[in-house]
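What follows is entry_24.cif (mmCIF, N, CA and C atoms).
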data_work
#
loop_
_atom_site.label_atom_id
_atom_site.label_comp_id
_atom_site.auth_asym_id
_atom_site.auth_seq_id
_atom_site.Cartn_x
_atom_site.Cartn_y
_atom_site.Cartn_z
N MET A 1 0.84 -1.18 0.00
CA MET A 1 0.00 0.00 0.00
C MET A 1 0.89 1.24 0.00
N THR A 2 0.57 2.20 -0.85
CA THR A 2 1.29 3.47 -0.91
C THR A 2 0.38 4.56 -0.38
N ARG A 3 0.78 5.11 0.74
CA ARG A 3 -0.01 6.15 1.42
C ARG A 3 0.47 7.52 0.95
N VAL A 4 -0.49 8.34 0.50
CA VAL A 4 -0.19 9.68 -0.02
C VAL A 4 -0.85 10.71 0.88
N VAL A 5 -0.14 11.81 1.12
CA VAL A 5 -0.70 12.94 1.85
C VAL A 5 -0.75 14.14 0.91
N ALA A 6 -1.90 14.76 0.85
CA ALA A 6 -2.07 16.06 0.19
C ALA A 6 -2.51 17.03 1.28
N GLN A 7 -2.23 18.28 1.08
CA GLN A 7 -2.62 19.25 2.11
C GLN A 7 -2.93 20.59 1.47
N GLY A 8 -3.74 21.37 2.17
CA GLY A 8 -4.08 22.69 1.67
C GLY A 8 -5.15 23.34 2.52
N THR A 9 -5.54 24.52 2.10
CA THR A 9 -6.58 25.27 2.81
C THR A 9 -7.97 24.82 2.36
N PHE A 10 -8.15 24.63 1.07
CA PHE A 10 -9.41 24.15 0.49
C PHE A 10 -10.58 25.05 0.85
N ASP A 11 -10.36 26.35 0.72
CA ASP A 11 -11.42 27.32 0.95
C ASP A 11 -12.18 27.51 -0.36
N LEU A 12 -13.48 27.44 -0.32
CA LEU A 12 -14.32 27.55 -1.52
C LEU A 12 -13.82 26.56 -2.59
N LEU A 13 -14.19 25.32 -2.42
CA LEU A 13 -13.74 24.26 -3.33
C LEU A 13 -14.00 24.61 -4.79
N HIS A 14 -13.04 24.28 -5.64
CA HIS A 14 -13.14 24.58 -7.06
C HIS A 14 -12.45 23.48 -7.88
N PRO A 15 -12.56 23.51 -9.21
CA PRO A 15 -11.98 22.45 -10.04
C PRO A 15 -10.48 22.25 -9.84
N GLY A 16 -9.75 23.29 -9.50
CA GLY A 16 -8.31 23.14 -9.24
C GLY A 16 -8.05 22.23 -8.05
N HIS A 17 -8.87 22.37 -7.00
CA HIS A 17 -8.74 21.48 -5.83
C HIS A 17 -9.03 20.03 -6.22
N VAL A 18 -10.10 19.83 -6.96
CA VAL A 18 -10.50 18.47 -7.36
C VAL A 18 -9.40 17.84 -8.22
N HIS A 19 -8.85 18.61 -9.15
CA HIS A 19 -7.76 18.09 -9.99
C HIS A 19 -6.57 17.69 -9.13
N TYR A 20 -6.17 18.54 -8.20
CA TYR A 20 -5.04 18.26 -7.31
C TYR A 20 -5.27 16.96 -6.55
N LEU A 21 -6.46 16.80 -5.99
CA LEU A 21 -6.73 15.60 -5.19
C LEU A 21 -6.82 14.34 -6.05
N ARG A 22 -7.37 14.45 -7.24
CA ARG A 22 -7.38 13.30 -8.16
C ARG A 22 -5.96 12.90 -8.53
N ASP A 23 -5.15 13.90 -8.85
CA ASP A 23 -3.76 13.65 -9.21
C ASP A 23 -3.02 13.01 -8.04
N ALA A 24 -3.22 13.55 -6.84
CA ALA A 24 -2.56 12.99 -5.64
C ALA A 24 -3.01 11.55 -5.40
N ALA A 25 -4.29 11.26 -5.58
CA ALA A 25 -4.81 9.91 -5.36
C ALA A 25 -4.16 8.91 -6.32
N GLU A 26 -3.84 9.36 -7.52
CA GLU A 26 -3.21 8.47 -8.51
C GLU A 26 -1.75 8.16 -8.17
N MET A 27 -1.18 8.88 -7.21
CA MET A 27 0.21 8.65 -6.80
C MET A 27 0.34 7.47 -5.83
N GLY A 28 -0.78 6.93 -5.39
CA GLY A 28 -0.73 5.82 -4.43
C GLY A 28 -2.06 5.12 -4.34
N SER A 29 -2.22 4.35 -3.27
CA SER A 29 -3.44 3.56 -3.10
C SER A 29 -4.34 4.11 -1.99
N GLU A 30 -3.84 5.05 -1.20
CA GLU A 30 -4.62 5.60 -0.09
C GLU A 30 -4.29 7.08 0.03
N LEU A 31 -5.31 7.94 -0.07
CA LEU A 31 -5.09 9.39 -0.01
C LEU A 31 -5.61 9.97 1.29
N HIS A 32 -4.71 10.58 2.03
CA HIS A 32 -5.04 11.33 3.24
C HIS A 32 -4.88 12.81 2.90
N VAL A 33 -5.84 13.62 3.31
CA VAL A 33 -5.77 15.05 3.04
C VAL A 33 -5.79 15.80 4.37
N ILE A 34 -4.82 16.69 4.54
CA ILE A 34 -4.74 17.53 5.73
C ILE A 34 -5.25 18.91 5.35
N ILE A 35 -6.28 19.36 6.07
CA ILE A 35 -6.88 20.67 5.84
C ILE A 35 -6.29 21.64 6.84
N ALA A 36 -5.67 22.70 6.35
CA ALA A 36 -5.04 23.68 7.22
C ALA A 36 -6.08 24.39 8.08
N ARG A 37 -5.75 24.56 9.33
CA ARG A 37 -6.61 25.35 10.22
C ARG A 37 -6.47 26.82 9.87
N SER A 38 -7.56 27.56 9.99
CA SER A 38 -7.56 28.98 9.65
C SER A 38 -6.44 29.73 10.35
N ALA A 39 -6.20 29.42 11.61
CA ALA A 39 -5.17 30.12 12.39
C ALA A 39 -3.77 29.90 11.83
N ASN A 40 -3.57 28.83 11.08
CA ASN A 40 -2.25 28.52 10.52
C ASN A 40 -2.06 29.04 9.10
N VAL A 41 -3.09 29.61 8.50
CA VAL A 41 -2.98 30.11 7.13
C VAL A 41 -2.40 31.52 7.20
N THR A 42 -1.11 31.62 6.93
CA THR A 42 -0.42 32.91 7.05
C THR A 42 0.14 33.40 5.72
N HIS A 43 0.12 32.57 4.70
CA HIS A 43 0.71 32.93 3.41
C HIS A 43 -0.28 33.60 2.46
N LYS A 44 -1.53 33.69 2.89
CA LYS A 44 -2.56 34.34 2.07
C LYS A 44 -3.69 34.77 2.99
N THR A 45 -4.72 35.36 2.41
CA THR A 45 -5.88 35.79 3.18
C THR A 45 -6.49 34.60 3.91
N PRO A 46 -6.88 34.76 5.17
CA PRO A 46 -7.48 33.63 5.90
C PRO A 46 -8.73 33.11 5.19
N PRO A 47 -9.04 31.84 5.38
CA PRO A 47 -10.21 31.25 4.73
C PRO A 47 -11.52 31.91 5.16
N VAL A 48 -12.48 31.86 4.25
CA VAL A 48 -13.84 32.35 4.51
C VAL A 48 -14.64 31.25 5.22
N VAL A 49 -14.45 30.03 4.79
CA VAL A 49 -15.22 28.88 5.28
C VAL A 49 -14.55 28.34 6.56
N PRO A 50 -15.35 28.06 7.61
CA PRO A 50 -14.78 27.55 8.87
C PRO A 50 -14.06 26.21 8.69
N ASP A 51 -13.11 25.94 9.59
CA ASP A 51 -12.29 24.73 9.54
C ASP A 51 -13.12 23.46 9.39
N GLU A 52 -14.09 23.28 10.27
CA GLU A 52 -14.86 22.03 10.28
C GLU A 52 -15.65 21.84 8.99
N GLN A 53 -16.14 22.93 8.43
CA GLN A 53 -16.91 22.83 7.19
C GLN A 53 -15.98 22.48 6.01
N ARG A 54 -14.79 23.06 5.97
CA ARG A 54 -13.83 22.70 4.92
C ARG A 54 -13.43 21.24 5.06
N HIS A 55 -13.25 20.78 6.29
CA HIS A 55 -12.93 19.36 6.54
C HIS A 55 -14.05 18.46 6.01
N GLU A 56 -15.29 18.82 6.32
CA GLU A 56 -16.44 18.02 5.88
C GLU A 56 -16.52 17.96 4.35
N MET A 57 -16.29 19.08 3.69
CA MET A 57 -16.37 19.12 2.23
C MET A 57 -15.28 18.26 1.58
N VAL A 58 -14.05 18.38 2.08
CA VAL A 58 -12.95 17.59 1.51
C VAL A 58 -13.17 16.10 1.77
N ALA A 59 -13.63 15.76 2.96
CA ALA A 59 -13.86 14.35 3.31
C ALA A 59 -14.89 13.71 2.38
N ALA A 60 -15.80 14.50 1.84
CA ALA A 60 -16.86 13.98 0.98
C ALA A 60 -16.41 13.73 -0.46
N LEU A 61 -15.24 14.20 -0.82
CA LEU A 61 -14.78 14.05 -2.20
C LEU A 61 -14.33 12.62 -2.49
N LYS A 62 -14.68 12.13 -3.66
CA LYS A 62 -14.44 10.74 -4.04
C LYS A 62 -12.97 10.29 -3.93
N PRO A 63 -11.99 11.11 -4.35
CA PRO A 63 -10.61 10.61 -4.29
C PRO A 63 -10.04 10.49 -2.87
N VAL A 64 -10.72 11.08 -1.88
CA VAL A 64 -10.18 11.19 -0.52
C VAL A 64 -10.58 9.97 0.31
N ASP A 65 -9.57 9.28 0.85
CA ASP A 65 -9.83 8.16 1.76
C ASP A 65 -10.03 8.65 3.19
N GLU A 66 -9.20 9.60 3.63
CA GLU A 66 -9.35 10.17 4.97
C GLU A 66 -8.97 11.64 4.92
N ALA A 67 -9.76 12.46 5.61
CA ALA A 67 -9.46 13.88 5.74
C ALA A 67 -9.17 14.18 7.20
N HIS A 68 -8.19 15.05 7.43
CA HIS A 68 -7.75 15.38 8.78
C HIS A 68 -7.61 16.89 8.90
N LEU A 69 -8.08 17.47 9.98
CA LEU A 69 -7.76 18.87 10.25
C LEU A 69 -6.31 18.93 10.71
N GLY A 70 -5.61 19.95 10.27
CA GLY A 70 -4.23 20.12 10.69
C GLY A 70 -4.11 20.35 12.18
N HIS A 71 -2.91 20.15 12.69
CA HIS A 71 -2.63 20.39 14.11
C HIS A 71 -2.62 21.90 14.35
N PRO A 72 -3.14 22.35 15.50
CA PRO A 72 -3.20 23.79 15.73
C PRO A 72 -1.83 24.47 15.90
N GLU A 73 -0.81 23.70 16.26
CA GLU A 73 0.49 24.33 16.52
C GLU A 73 1.63 23.80 15.66
N ASP A 74 1.56 22.57 15.22
CA ASP A 74 2.69 21.94 14.53
C ASP A 74 2.18 21.20 13.30
N ILE A 75 2.48 21.74 12.13
CA ILE A 75 1.93 21.17 10.90
C ILE A 75 2.43 19.76 10.62
N PHE A 76 3.52 19.35 11.27
CA PHE A 76 4.08 18.03 11.00
C PHE A 76 3.45 16.91 11.83
N VAL A 77 2.68 17.25 12.86
CA VAL A 77 2.09 16.22 13.73
C VAL A 77 1.21 15.25 12.93
N PRO A 78 0.26 15.73 12.11
CA PRO A 78 -0.55 14.75 11.36
C PRO A 78 0.28 13.96 10.34
N ILE A 79 1.31 14.56 9.79
CA ILE A 79 2.16 13.83 8.85
C ILE A 79 2.89 12.70 9.57
N GLU A 80 3.38 12.97 10.77
CA GLU A 80 4.03 11.91 11.56
C GLU A 80 3.05 10.78 11.85
N ARG A 81 1.82 11.13 12.17
CA ARG A 81 0.81 10.13 12.51
C ARG A 81 0.42 9.29 11.29
N ILE A 82 0.27 9.93 10.14
CA ILE A 82 -0.14 9.24 8.92
C ILE A 82 1.01 8.40 8.34
N ASP A 83 2.24 8.86 8.49
CA ASP A 83 3.43 8.17 8.00
C ASP A 83 3.33 7.86 6.50
N PRO A 84 3.29 8.92 5.67
CA PRO A 84 3.08 8.71 4.24
C PRO A 84 4.32 8.21 3.51
N ASP A 85 4.06 7.62 2.35
CA ASP A 85 5.12 7.26 1.42
C ASP A 85 5.40 8.41 0.45
N VAL A 86 4.35 9.21 0.20
CA VAL A 86 4.44 10.33 -0.74
C VAL A 86 3.72 11.53 -0.14
N ILE A 87 4.32 12.71 -0.28
CA ILE A 87 3.61 13.96 -0.02
C ILE A 87 3.41 14.60 -1.38
N ALA A 88 2.15 14.84 -1.72
CA ALA A 88 1.80 15.44 -3.00
C ALA A 88 1.52 16.92 -2.79
N LEU A 89 2.31 17.75 -3.44
CA LEU A 89 2.10 19.19 -3.38
C LEU A 89 1.33 19.63 -4.62
N GLY A 90 0.49 20.63 -4.47
CA GLY A 90 -0.17 21.22 -5.62
C GLY A 90 0.86 21.86 -6.52
N TYR A 91 0.58 21.91 -7.81
CA TYR A 91 1.59 22.41 -8.75
C TYR A 91 1.97 23.85 -8.45
N ASP A 92 1.07 24.62 -7.83
CA ASP A 92 1.37 26.03 -7.55
C ASP A 92 1.43 26.35 -6.05
N GLN A 93 1.50 25.33 -5.21
CA GLN A 93 1.59 25.59 -3.78
C GLN A 93 2.93 26.22 -3.44
N HIS A 94 2.93 27.01 -2.39
CA HIS A 94 4.08 27.83 -2.02
C HIS A 94 5.23 27.06 -1.38
N HIS A 95 5.10 25.79 -1.14
CA HIS A 95 6.13 25.02 -0.44
C HIS A 95 7.39 24.83 -1.28
N ASP A 96 8.54 24.92 -0.63
CA ASP A 96 9.83 24.65 -1.24
C ASP A 96 10.17 23.19 -0.96
N GLU A 97 10.27 22.38 -2.00
CA GLU A 97 10.49 20.94 -1.82
C GLU A 97 11.76 20.63 -1.03
N LYS A 98 12.83 21.37 -1.29
CA LYS A 98 14.10 21.09 -0.60
C LYS A 98 13.95 21.35 0.90
N ARG A 99 13.40 22.49 1.26
CA ARG A 99 13.22 22.81 2.69
C ARG A 99 12.25 21.85 3.35
N LEU A 100 11.19 21.49 2.64
CA LEU A 100 10.23 20.53 3.20
C LEU A 100 10.91 19.18 3.42
N GLY A 101 11.68 18.73 2.45
CA GLY A 101 12.40 17.46 2.58
C GLY A 101 13.34 17.46 3.78
N GLU A 102 14.03 18.57 3.99
CA GLU A 102 14.93 18.69 5.14
C GLU A 102 14.15 18.64 6.45
N ALA A 103 13.02 19.35 6.51
CA ALA A 103 12.20 19.35 7.73
C ALA A 103 11.66 17.96 8.03
N LEU A 104 11.25 17.24 6.98
CA LEU A 104 10.76 15.87 7.17
C LEU A 104 11.88 14.97 7.66
N ALA A 105 13.05 15.09 7.06
CA ALA A 105 14.20 14.26 7.46
C ALA A 105 14.58 14.53 8.91
N ASP A 106 14.51 15.79 9.32
CA ASP A 106 14.83 16.14 10.72
C ASP A 106 13.90 15.44 11.70
N ARG A 107 12.71 15.10 11.24
CA ARG A 107 11.73 14.43 12.10
C ARG A 107 11.70 12.92 11.86
N GLY A 108 12.59 12.44 11.04
CA GLY A 108 12.66 11.01 10.78
C GLY A 108 11.58 10.50 9.84
N ILE A 109 11.00 11.39 9.05
CA ILE A 109 9.95 11.00 8.10
C ILE A 109 10.60 10.82 6.74
N ASP A 110 10.55 9.59 6.23
CA ASP A 110 11.18 9.26 4.96
C ASP A 110 10.09 9.06 3.92
N CYS A 111 9.89 10.08 3.08
CA CYS A 111 8.88 9.95 2.03
C CYS A 111 9.30 10.78 0.82
N GLU A 112 8.70 10.45 -0.29
CA GLU A 112 8.95 11.15 -1.53
C GLU A 112 8.07 12.40 -1.58
N ILE A 113 8.59 13.48 -2.15
CA ILE A 113 7.81 14.70 -2.35
C ILE A 113 7.60 14.86 -3.85
N ARG A 114 6.33 14.97 -4.25
CA ARG A 114 6.01 15.11 -5.67
C ARG A 114 5.05 16.28 -5.86
N ARG A 115 5.07 16.85 -7.05
CA ARG A 115 4.15 17.93 -7.42
C ARG A 115 3.04 17.37 -8.31
N ALA A 116 1.84 17.82 -8.05
CA ALA A 116 0.71 17.48 -8.93
C ALA A 116 0.87 18.25 -10.24
N SER A 117 0.22 17.76 -11.26
CA SER A 117 0.27 18.42 -12.56
C SER A 117 -0.67 19.63 -12.58
N PRO A 118 -0.39 20.60 -13.44
CA PRO A 118 -1.30 21.74 -13.54
C PRO A 118 -2.58 21.34 -14.27
N LEU A 119 -3.63 22.05 -13.96
CA LEU A 119 -4.90 21.87 -14.65
C LEU A 119 -4.91 22.75 -15.89
N ASP A 120 -5.40 22.23 -16.98
CA ASP A 120 -5.49 23.00 -18.22
C ASP A 120 -6.33 24.24 -17.98
N ARG A 121 -5.77 25.40 -18.27
CA ARG A 121 -6.46 26.66 -18.01
C ARG A 121 -6.94 27.33 -19.31
N ASP A 122 -7.26 26.56 -20.32
CA ASP A 122 -7.67 27.14 -21.60
C ASP A 122 -8.93 27.99 -21.50
N ASP A 123 -9.83 27.64 -20.62
CA ASP A 123 -11.11 28.33 -20.50
C ASP A 123 -10.96 29.46 -19.48
N ALA A 124 -10.93 30.70 -19.97
CA ALA A 124 -10.72 31.86 -19.10
C ALA A 124 -11.86 32.06 -18.10
N ASP A 125 -13.03 31.49 -18.38
CA ASP A 125 -14.17 31.65 -17.47
C ASP A 125 -14.18 30.65 -16.33
N ARG A 126 -13.30 29.66 -16.37
CA ARG A 126 -13.27 28.66 -15.29
C ARG A 126 -12.74 29.31 -14.02
N LEU A 127 -13.40 29.02 -12.94
CA LEU A 127 -13.00 29.58 -11.65
C LEU A 127 -12.09 28.58 -10.97
N LEU A 128 -10.78 28.73 -11.18
CA LEU A 128 -9.80 27.75 -10.73
C LEU A 128 -9.04 28.19 -9.49
N SER A 129 -9.50 29.24 -8.84
CA SER A 129 -8.86 29.65 -7.59
C SER A 129 -9.91 30.30 -6.70
N THR A 130 -9.67 30.22 -5.41
CA THR A 130 -10.58 30.84 -4.45
C THR A 130 -10.64 32.34 -4.71
N GLY A 131 -9.49 32.94 -5.00
CA GLY A 131 -9.45 34.38 -5.27
C GLY A 131 -10.32 34.77 -6.45
N ARG A 132 -10.28 33.97 -7.53
CA ARG A 132 -11.13 34.27 -8.70
C ARG A 132 -12.61 34.11 -8.37
N ILE A 133 -12.93 33.13 -7.54
CA ILE A 133 -14.33 32.95 -7.14
C ILE A 133 -14.80 34.18 -6.36
N ILE A 134 -14.01 34.61 -5.40
CA ILE A 134 -14.38 35.78 -4.59
C ILE A 134 -14.48 37.02 -5.47
N ASP A 135 -13.52 37.23 -6.36
CA ASP A 135 -13.57 38.39 -7.26
C ASP A 135 -14.83 38.36 -8.11
N ARG A 136 -15.20 37.20 -8.64
CA ARG A 136 -16.40 37.09 -9.47
C ARG A 136 -17.65 37.42 -8.65
N ILE A 137 -17.73 36.89 -7.45
CA ILE A 137 -18.89 37.17 -6.59
C ILE A 137 -18.99 38.66 -6.33
N LEU A 138 -17.89 39.29 -5.98
CA LEU A 138 -17.92 40.72 -5.68
C LEU A 138 -18.30 41.54 -6.90
N SER A 139 -17.79 41.18 -8.08
CA SER A 139 -18.10 41.95 -9.27
C SER A 139 -19.55 41.76 -9.70
N GLU A 140 -20.09 40.56 -9.54
CA GLU A 140 -21.47 40.32 -9.96
C GLU A 140 -22.49 40.80 -8.94
N ARG A 141 -22.05 41.05 -7.73
CA ARG A 141 -22.95 41.55 -6.70
C ARG A 141 -22.80 43.06 -6.52
N ASP A 142 -21.96 43.67 -7.36
CA ASP A 142 -21.71 45.12 -7.29
C ASP A 142 -21.29 45.57 -5.90
N VAL A 143 -20.41 44.80 -5.31
CA VAL A 143 -19.91 45.16 -3.97
C VAL A 143 -18.68 46.01 -4.09
#
Re-express the file's structure as structure tokens.
Amino acid sequence: MTRVVAQGTFDLLHPGHVHYLRDAAEMGSELHVIIARSANVTHKTPPVVPDEQRHEMVAALKPVDEAHLGHPEDIFVPIERIDPDVIALGYDQHHDEKRLGEALADRGIDCEIRRASPLDRDDADRLLSTGRIIDRILSERDV
């Protein structure tokens, strides 16, 4: 069995999220997804959707075998518990593979780090990011 971990904020689910999770699921036989807690999201605007609701939505997706809320203080705790063979990063996620690999090695976690493939963006009207969804809502609601 090859255990894969994917992780992210997953605020306002969109086709980019689904593509990432399908791609991650194809990297192994069991997909675990870690949903970042709002308090830990520091690299972008905090999520609109509450932690538990984002967890529930991700857990309901077909490619996902298990969904986990991230640890409130240490992002590596769920990774240690899951003990993955592969960590699947989104093609545009902000993580640096080299630094992540070093942090995992420091904790005795031996796994491969892979990037998911990009989703074809030919259709300019597709809402492939949370930011684009929010922008569209604001523009269509004249806010």
Legend entry - Explicit residues for the PyMOL selection byres ((chain A and resi 86-99) around 7) (as a list in words):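 Given this file, the PyMOL selection byres ((chain A and resi 86-99) around 7) evaluates to Thr2, Arg3, Val4, Val5, Ala6, Gln7, Tyr20, Ala24, Asp83, Pro84, Asp85, Leu100, Gly101, Glu102, Ala103, Leu104, Asp110, Cys111, Glu112, Ile113, Arg114, Arg115, Ala116, Ser117 and Pro118 of chain A.
With the shown file loaded, the PyMOL selection byres (((chain A and resi 32 and name CA) around 6) and name CA) picks out Val5, Leu31, Val33, Asp65, Glu66 and Ala67 of chain A.
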Restricting it to N, CA and C atoms, dump the selection as a short mmCIF file (atom, residue, chain, number, x, y, z; two decimals), in the coordinates of the input.
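part35.cif, written as the output of this step:
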data_model
loop_
_atom_site.label_atom_id
_atom_site.label_comp_id
_atom_site.auth_asym_id
_atom_site.auth_seq_id
_atom_site.Cartn_x
_atom_site.Cartn_y
_atom_site.Cartn_z
N VAL A 5 -0.14 11.81 1.12
CA VAL A 5 -0.70 12.94 1.85
C VAL A 5 -0.75 14.14 0.91
N LEU A 31 -5.31 7.94 -0.07
CA LEU A 31 -5.09 9.39 -0.01
C LEU A 31 -5.61 9.97 1.29
N VAL A 33 -5.84 13.62 3.31
CA VAL A 33 -5.77 15.05 3.04
C VAL A 33 -5.79 15.80 4.37
N ASP A 65 -9.57 9.28 0.85
CA ASP A 65 -9.83 8.16 1.76
C ASP A 65 -10.03 8.65 3.19
N GLU A 66 -9.20 9.60 3.63
CA GLU A 66 -9.35 10.17 4.97
C GLU A 66 -8.97 11.64 4.92
N ALA A 67 -9.76 12.46 5.61
CA ALA A 67 -9.46 13.88 5.74
C ALA A 67 -9.17 14.18 7.20
#
Inset, instruction - Starting from the shown file, work through the PyMOL selection byres ((chain A and resi 36) around 6.5) and note down what comes out as a list of chain:residue names. - result: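 Taken on the displayed file, the PyMOL selection byres ((chain A and resi 36) around 6.5) yields the residues A:Gln7, A:Gly8, A:Thr9, A:Phe10, A:Ile34, A:Ile35, A:Arg37, A:Ser38, A:Ala39, A:Asn40, A:Val41, A:Asp51, A:Leu69, A:Gly70.
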Inset, instruction - Please indicate the distance in Å from atom N of Ala60 in chain A to atom N of Arg141 in chain A, rounded to one decimal place. - result: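 These atoms are spaced 28.9 Å apart.
Here the residues within chain A that DSSP labels strand (DSSP E) on the basis of the backbone are A:Arg3, A:Val4, A:Val5, A:Ala6, A:Gln7, A:Gly8, A:Glu30, A:Leu31, A:His32, A:Val33, A:Ile34, A:Ile35, A:Glu66, A:Ala67, A:His68, A:Leu69, A:Val86, A:Ile87, A:Ala88, A:Leu89, A:Glu112, A:Ile113, A:Arg114, A:Arg115.
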Legend entry - Point-to-point distance in Å for CA of Glu80 in chain A and atom C of Arg107 in chain A: 7.7 Å
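The space between atom N of His17 in chain A and atom C of Ser129 in chain A spans 8.0 Å.
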Which polymer residues, whether protein, DNA or RNA, lie within 6 Å of the coordinate (-2.3, 3.2, -3.8) when you count only C-alpha atoms? List them as a PDB file with N, CA and C atoms, in the coordinates of the input, using the chain letters and numbers from the file.
ATOM      1  N   MET A   1       0.840  -1.180   0.000  1.00  0.00           N
ATOM      2  CA  MET A   1       0.000   0.000   0.000  1.00  0.00           C
ATOM      3  C   MET A   1       0.890   1.240   0.000  1.00  0.00           C
ATOM      4  N   THR A   2       0.570   2.200  -0.850  1.00  0.00           N
ATOM      5  CA  THR A   2       1.290   3.470  -0.910  1.00  0.00           C
ATOM      6  C   THR A   2       0.380   4.560  -0.380  1.00  0.00           C
ATOM      7  N   GLY A  28      -0.780   6.930  -5.390  1.00  0.00           N
ATOM      8  CA  GLY A  28      -0.730   5.820  -4.430  1.00  0.00           C
ATOM      9  C   GLY A  28      -2.060   5.120  -4.340  1.00  0.00           C
ATOM     10  N   SER A  29      -2.220   4.350  -3.270  1.00  0.00           N
ATOM     11  CA  SER A  29      -3.440   3.560  -3.100  1.00  0.00           C
ATOM     12  C   SER A  29      -4.340   4.110  -1.990  1.00  0.00           C
ATOM     13  N   GLU A  30      -3.840   5.050  -1.200  1.00  0.00           N
ATOM     14  CA  GLU A  30      -4.620   5.600  -0.090  1.00  0.00           C
ATOM     15  C   GLU A  30      -4.290   7.080   0.030  1.00  0.00           C
TER      16      GLU A  30
END
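When only C-alpha atoms are used to compute distances to Leu13 in chain A, the closest of the residues A:His43, A:His68, A:Arg81, A:Arg132 turns out to be A:Arg132.
Minimum atom-to-atom distance to Glu26 in chain A, evaluated using all atoms listed in the file, belongs to A:Pro63 out of A:Lys44, A:Gly131, A:Pro63, A:Leu138.
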Selection: 8 Å around Asp11 in chain A, only C-alpha atoms, excl. self and same-chain fewer than 2 positions, as a tab-separated table (two decimals) with N, CA and C atoms, keeping the file's coordinate frame:
chain	number	residue	atom	x	y	z
A	9	THR	N	-5.54	24.52	2.10
A	9	THR	CA	-6.58	25.27	2.81
A	9	THR	C	-7.97	24.82	2.36
A	13	LEU	N	-14.19	25.32	-2.42
A	13	LEU	CA	-13.74	24.26	-3.33
A	13	LEU	C	-14.00	24.61	-4.79
A	47	PRO	N	-9.04	31.84	5.38
A	47	PRO	CA	-10.21	31.25	4.73
A	47	PRO	C	-11.52	31.91	5.16
A	48	VAL	N	-12.48	31.86	4.25
A	48	VAL	CA	-13.84	32.35	4.51
A	48	VAL	C	-14.64	31.25	5.22
A	49	VAL	N	-14.45	30.03	4.79
A	49	VAL	CA	-15.22	28.88	5.28
A	49	VAL	C	-14.55	28.34	6.56
A	54	ARG	N	-14.79	23.06	5.97
A	54	ARG	CA	-13.83	22.70	4.92
A	54	ARG	C	-13.43	21.24	5.06
A	130	THR	N	-9.67	30.22	-5.41
A	130	THR	CA	-10.58	30.84	-4.45
A	130	THR	C	-10.64	32.34	-4.71
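Proximity to Arg22 in chain A was assessed for A:Ile134, A:Ile82, A:Val64, A:Met57 counting only C-alpha atoms; the smallest distance is recorded for A:Val64.
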